[in-house]
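Novice: Sending over a structure as structure tokens; questions will come in a sec.
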Amino acid sequence: LEAMDVHSEVASIVNRVLRKERGVRSLVYESSFSNKKILLRLSAETLKYHQVFDNILAGPECRPLREERVMEGDMGYIYVCMYELLVGRGTKELPGDIASILAHYGPLLRAREKELADEGRGLVSMREKKEQREKEVNMPRYARINTLKWTEEEALESLEKEEWTVVRLAEGEEFIDRIKTLKTSEVLVDPHVSSLLVFPFHPDFHTYWMVVNRNIILQDKASCLPAFLLNPPPNSSIIDACSAPGMKTSHLAAIMQNTGEIFAFDRSNDRVETMKEMLRGGGVKNTWVSNEDFLRVDTSSDRYSRVEYALLDPPCSGSGIVKRMDEWLGGGVDEYRLSKLANLQAMLVKHAMSLPALKRVVYSTCSVHETENEQVVAEVLKDVSSFRVVEGVLPQWNERGRDSYEFGRHCLRAGEWMLMVDTNDPSKTATNGFFVAVFERIEEEEEKKGKKKKVKRAIEQEEEEEEVIEKKKVKKNSDGEKKKMKKKVNVE
């Protein structure tokens, strides 16, 4: 029965993605359908070809398929059925009445697709574009050494025994140049993030025994920056506010070597269950995972009175993720959605800053949009005077925040791989697009000084405004006197 049900579930996901409600992966994770791998593949493939399916259905002979009673006008279902008929495994796993309808329309749909193919708009053309895109975005594989299972030295020694050549960046050598020339047998020790390795791209790297056993964890380099920059010392108390699927949580646990405590929150039940399984497999033992919306957490509770560090990687547009579906969905930037996300992001950061003992906060997104990045930081700084952006973070990182903001140069941006495929620009980072800002609490005396400065500046501005008003009054009175004198002279 599940083989039949998958198509209805895919239809629901496709419809919701096209309505821009959620992303494919998050909807797949939340689905009750058990085989997530099949669900993700079929949903993603259907979405990638849906524009071709629309063009096919625009043909006069094919258009009536939309109105067939058994299809119930469900475009998501029509798309997935067309995918199975024209690209996938055929109609044998579809319900009988659907298969009969498709048997009737099959020749018409194929004939229309051939017309489009002759114009360079058919399925083969779309597939070639897809393959070219995937070829271009084959980033190196980043793998974080799981120091909860072994040391960096043990990991490198094991790799060398398996005939990997471990290499390091030579003095004066650019990271981008080196990874472009990385041989299939080489692994580079990352020069920026501790315990991070850079492997050449391989499509089946996820089956490597070190990955399967979670001795190394596949994690994009940019995604490693938040925990690395939070850098909590051993025995710290930490909150990871939007933690699933748990990559950054496990990184924090590794940095602290399973000491202290991590309170991890996520409001998605399915993602929390996946996260728990991942943390167990990675050897994490110092984390309490709660299926809870962090905004509803009482930060004044005794339970969190010792929390000094917080990591905020909230829901975002995901616009920095290289292998996204935007190209196949044909949509632009949804400013309204970005605005709603930015509002949520700022609320989450400010809520974390209400923790009484908090010293340091890292805010990150996998977005390239200023609305979700620098604008959120500016909003937080405007409303919370007790925190500031940490200066001089990771100075060897070339790509920084927007310089139109006073704090911009102290934030990190990571550039998309596609931006540097054909360039040697050293500011490009060979990662997904990402943004990181580090906040720290201002010492009480400095905070008082800051408040005094604000008050002083406000008074000065008020005085300046009053002076301008007074000058206008004087000028007006002076002009009035001149007019009176002029009239008097004229009368005489």
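Naming scheme: A, B, ... for chains in displayed order of the structure tokens; residues 1 onward per chain; ligands 1 onward as shown.
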Quick check for you: according to DSSP on this backbone, which residues of stretch 235-386 of chain A are classed as helix (DSSP H, G or I)? Reply as a PyMOL selection string.
Specialist: chain A and resi 247-255+269-281+294-296+302-304+326-329+335-352+370-372+374-383
Novice: Write a file of the selected residues as a PDB file, in the first residue's frame, keeping C-alpha atoms.
Specialist:
```pdb
ATOM      1  CA  MET A 247      24.955  18.964  13.346  1.00  0.00           C
ATOM      2  CA  LYS A 248      25.868  22.115  15.252  1.00  0.00           C
ATOM      3  CA  THR A 249      24.738  20.545  18.542  1.00  0.00           C
ATOM      4  CA  SER A 250      27.088  17.596  18.046  1.00  0.00           C
ATOM      5  CA  HIS A 251      29.867  20.040  17.125  1.00  0.00           C
ATOM      6  CA  LEU A 252      29.310  21.934  20.396  1.00  0.00           C
ATOM      7  CA  ALA A 253      29.403  18.649  22.333  1.00  0.00           C
ATOM      8  CA  ALA A 254      32.693  17.745  20.630  1.00  0.00           C
ATOM      9  CA  ILE A 255      34.237  21.145  21.424  1.00  0.00           C
ATOM     10  CA  ASN A 269       8.739  16.508  16.377  1.00  0.00           C
ATOM     11  CA  ASP A 270      10.011  14.494  13.380  1.00  0.00           C
ATOM     12  CA  ARG A 271      13.231  16.481  13.166  1.00  0.00           C
ATOM     13  CA  VAL A 272      13.778  16.083  16.909  1.00  0.00           C
ATOM     14  CA  GLU A 273      13.484  12.288  16.634  1.00  0.00           C
ATOM     15  CA  THR A 274      15.961  12.277  13.731  1.00  0.00           C
ATOM     16  CA  MET A 275      18.270  14.494  15.783  1.00  0.00           C
ATOM     17  CA  LYS A 276      18.179  12.219  18.838  1.00  0.00           C
ATOM     18  CA  GLU A 277      19.181   9.266  16.682  1.00  0.00           C
ATOM     19  CA  MET A 278      22.004  11.257  15.084  1.00  0.00           C
ATOM     20  CA  LEU A 279      23.360  12.456  18.443  1.00  0.00           C
ATOM     21  CA  ARG A 280      23.298   8.931  19.879  1.00  0.00           C
ATOM     22  CA  GLY A 281      25.203   7.621  16.854  1.00  0.00           C
ATOM     23  CA  PHE A 294      12.295  28.242  22.100  1.00  0.00           C
ATOM     24  CA  LEU A 295      10.184  31.420  22.132  1.00  0.00           C
ATOM     25  CA  ARG A 296       7.945  29.705  24.699  1.00  0.00           C
ATOM     26  CA  ASP A 302      16.352  28.190  37.458  1.00  0.00           C
ATOM     27  CA  ARG A 303      17.024  25.414  34.930  1.00  0.00           C
ATOM     28  CA  TYR A 304      18.685  27.938  32.605  1.00  0.00           C
ATOM     29  CA  ASP A 326      14.769  27.754  -6.906  1.00  0.00           C
ATOM     30  CA  GLU A 327      16.047  27.426 -10.458  1.00  0.00           C
ATOM     31  CA  TRP A 328      13.499  24.696 -11.203  1.00  0.00           C
ATOM     32  CA  LEU A 329      10.626  26.454  -9.432  1.00  0.00           C
ATOM     33  CA  GLU A 335      10.019  39.901   0.144  1.00  0.00           C
ATOM     34  CA  TYR A 336       6.989  39.328   2.367  1.00  0.00           C
ATOM     35  CA  ARG A 337       8.286  35.897   3.418  1.00  0.00           C
ATOM     36  CA  LEU A 338      11.765  37.328   4.051  1.00  0.00           C
ATOM     37  CA  SER A 339      10.269  40.040   6.238  1.00  0.00           C
ATOM     38  CA  LYS A 340       8.335  37.470   8.297  1.00  0.00           C
ATOM     39  CA  LEU A 341      11.443  35.316   8.689  1.00  0.00           C
ATOM     40  CA  ALA A 342      13.563  38.301   9.736  1.00  0.00           C
ATOM     41  CA  ASN A 343      10.996  39.229  12.372  1.00  0.00           C
ATOM     42  CA  LEU A 344      11.073  35.685  13.793  1.00  0.00           C
ATOM     43  CA  GLN A 345      14.880  35.593  13.692  1.00  0.00           C
ATOM     44  CA  ALA A 346      15.231  38.867  15.602  1.00  0.00           C
ATOM     45  CA  MET A 347      12.660  37.724  18.186  1.00  0.00           C
ATOM     46  CA  LEU A 348      14.601  34.501  18.798  1.00  0.00           C
ATOM     47  CA  VAL A 349      17.934  36.295  19.260  1.00  0.00           C
ATOM     48  CA  LYS A 350      16.411  38.870  21.616  1.00  0.00           C
ATOM     49  CA  HIS A 351      14.695  36.107  23.599  1.00  0.00           C
ATOM     50  CA  ALA A 352      18.042  34.335  24.042  1.00  0.00           C
ATOM     51  CA  GLU A 370      20.669  41.198   3.838  1.00  0.00           C
ATOM     52  CA  THR A 371      17.111  41.216   5.254  1.00  0.00           C
ATOM     53  CA  GLU A 372      17.842  38.043   7.241  1.00  0.00           C
ATOM     54  CA  GLU A 374      22.737  42.424   8.705  1.00  0.00           C
ATOM     55  CA  GLN A 375      19.230  43.851   9.088  1.00  0.00           C
ATOM     56  CA  VAL A 376      18.441  41.347  11.856  1.00  0.00           C
ATOM     57  CA  VAL A 377      21.690  42.225  13.653  1.00  0.00           C
ATOM     58  CA  ALA A 378      20.846  45.942  13.390  1.00  0.00           C
ATOM     59  CA  GLU A 379      17.344  45.295  14.771  1.00  0.00           C
ATOM     60  CA  VAL A 380      18.769  43.362  17.741  1.00  0.00           C
ATOM     61  CA  LEU A 381      21.369  46.041  18.539  1.00  0.00           C
ATOM     62  CA  LYS A 382      18.689  48.743  18.369  1.00  0.00           C
ATOM     63  CA  ASP A 383      16.532  46.985  20.974  1.00  0.00           C
TER      64      ASP A 383
END
```
Novice: So which residues touch stretch 187-189 of chain A within 12 Å, counting only C-alpha atoms, skipping near sequence neighbours fewer than 4 positions away, as a VMD selection string?
Specialist: chain A and resid 140 to 145 152 to 153 155 to 156 159 to 160 162 to 170 175 to 176 178 to 183 193 to 201 221
Novice: Atom CA of A:Lys48 to atom CA of A:Tyr79: how many Å, to one decimal?
Specialist: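 Distance between the two atoms: 10.4 Å.
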Novice: For a test of reading the model, state the distance in Å between atom CA of A:Arg89 and atom CA of A:Arg127, rounded to one decimal.
Specialist: 16.2 Å
Novice: Using only C-alpha atoms, which residues sit within 8 Å of A:Leu65 once same-chain residues fewer than 5 positions away are excluded, as a PDB file with N, CA and C atoms, in the first residue's frame?
Specialist:
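Once written, part-v1.pdb looks like this:
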```
ATOM      1  N   LEU A  57       1.037  20.182 -20.859  1.00  0.00           N
ATOM      2  CA  LEU A  57      -0.410  20.305 -20.610  1.00  0.00           C
ATOM      3  C   LEU A  57      -1.030  21.505 -21.315  1.00  0.00           C
ATOM      4  N   MET A  71      -8.495  12.822 -11.306  1.00  0.00           N
ATOM      5  CA  MET A  71      -7.364  13.679 -10.919  1.00  0.00           C
ATOM      6  C   MET A  71      -7.796  14.778  -9.941  1.00  0.00           C
ATOM      7  N   TYR A 105      -3.984   8.934 -22.310  1.00  0.00           N
ATOM      8  CA  TYR A 105      -3.313  10.199 -22.625  1.00  0.00           C
ATOM      9  C   TYR A 105      -1.832  10.018 -22.980  1.00  0.00           C
TER      10      TYR A 105
END
```
Novice: Between atom CA of A:Gly88 and atom CA of A:Phe33, what is the distance, to one decimal in Å?
Specialist: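 Taking atom CA of A:Gly88 as the start and atom CA of A:Phe33 as the end point, the length is 19.7 Å.
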Novice: Return the single residue from A:Lys149, A:Asp204, A:Leu40, A:Glu440 that is closest to A:Val361, with distances computed using only C-alpha atoms.
Specialist: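 Looking only at the distances to A:Val361, the closest residue turns out to be A:Glu440.
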Novice: Please provide the set of residues having any atom within 12 Å of A:Arg19, restricted to only C-alpha atoms, with same-chain residues fewer than 3 positions apart removed, written as a list in words.
Specialist: Ser12, Ile13, Val14, Asn15, Arg16, Arg22, Gly23, Val24, Met75, Gly76, Leu329, Gly331, Asp334 and Arg337 of chain A
Novice: Print the selection's residues with C-alpha atoms to a file, as a PDB file, in the first residue's frame.
Specialist:
```pdb
ATOM      1  CA  SER A  12       0.873  17.232  -1.215  1.00  0.00           C
ATOM      2  CA  ILE A  13       4.537  18.221  -0.847  1.00  0.00           C
ATOM      3  CA  VAL A  14       4.771  19.502  -4.435  1.00  0.00           C
ATOM      4  CA  ASN A  15       1.643  21.640  -4.008  1.00  0.00           C
ATOM      5  CA  ARG A  16       2.901  23.163  -0.753  1.00  0.00           C
ATOM      6  CA  ARG A  22       7.858  25.423   3.056  1.00  0.00           C
ATOM      7  CA  GLY A  23      10.981  23.861   1.541  1.00  0.00           C
ATOM      8  CA  VAL A  24      11.067  20.314   0.159  1.00  0.00           C
ATOM      9  CA  MET A  75      -1.875  19.622 -10.019  1.00  0.00           C
ATOM     10  CA  GLY A  76       0.671  18.088  -7.654  1.00  0.00           C
ATOM     11  CA  LEU A 329      10.626  26.454  -9.432  1.00  0.00           C
ATOM     12  CA  GLY A 331      10.285  31.953  -8.550  1.00  0.00           C
ATOM     13  CA  ASP A 334       9.490  36.656  -1.797  1.00  0.00           C
ATOM     14  CA  ARG A 337       8.286  35.897   3.418  1.00  0.00           C
TER      15      ARG A 337
END
```
Novice: Given the choices A:Leu123, A:Cys366, A:Ala58, A:Ala264, which gets closest to A:Thr431 if the distance is worked out from only C-alpha atoms?
Specialist: A:Cys366
Novice: Where does DSSP see strand (DSSP E or B) in stretch 71-147 of chain A, if you list the residues as a VMD selection string?
Specialist: chain A and resid 141 to 145
Novice: Write a file of the just-selected residues containing N, CA and C atoms, as a tab-separated table (two decimals), in the first residue's frame.
Specialist:
```tsv
chain	number	residue	atom	x	y	z
A	141	ARG	N	34.00	17.85	-0.51
A	141	ARG	CA	33.28	17.26	0.62
A	141	ARG	C	33.97	17.66	1.92
A	142	TYR	N	33.25	18.38	2.75
A	142	TYR	CA	33.79	18.74	4.06
A	142	TYR	C	33.36	17.70	5.09
A	143	ALA	N	34.30	17.27	5.92
A	143	ALA	CA	34.00	16.28	6.95
A	143	ALA	C	34.67	16.70	8.25
A	144	ARG	N	33.85	16.82	9.28
A	144	ARG	CA	34.38	17.19	10.59
A	144	ARG	C	34.79	15.94	11.35
A	145	ILE	N	36.01	15.93	11.84
A	145	ILE	CA	36.47	14.79	12.64
A	145	ILE	C	35.67	14.77	13.94
```
Novice: From the options A:Pro234, A:Gly318, A:Gly283, A:Pro95, which residue's atoms come nearest to A:Arg25, counting only C-alpha atoms?
Specialist: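 Of the candidates, the smallest distance to A:Arg25 is held by A:Gly318.
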Novice: Of the candidates A:Ile469, A:Ile216, A:Leu109, A:Val389, which shows the shortest atom-to-atom distance to A:Thr151, using only C-alpha atoms?
Specialist: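 Using only C-alpha atoms, the shortest distance to A:Thr151 belongs to A:Ile216.
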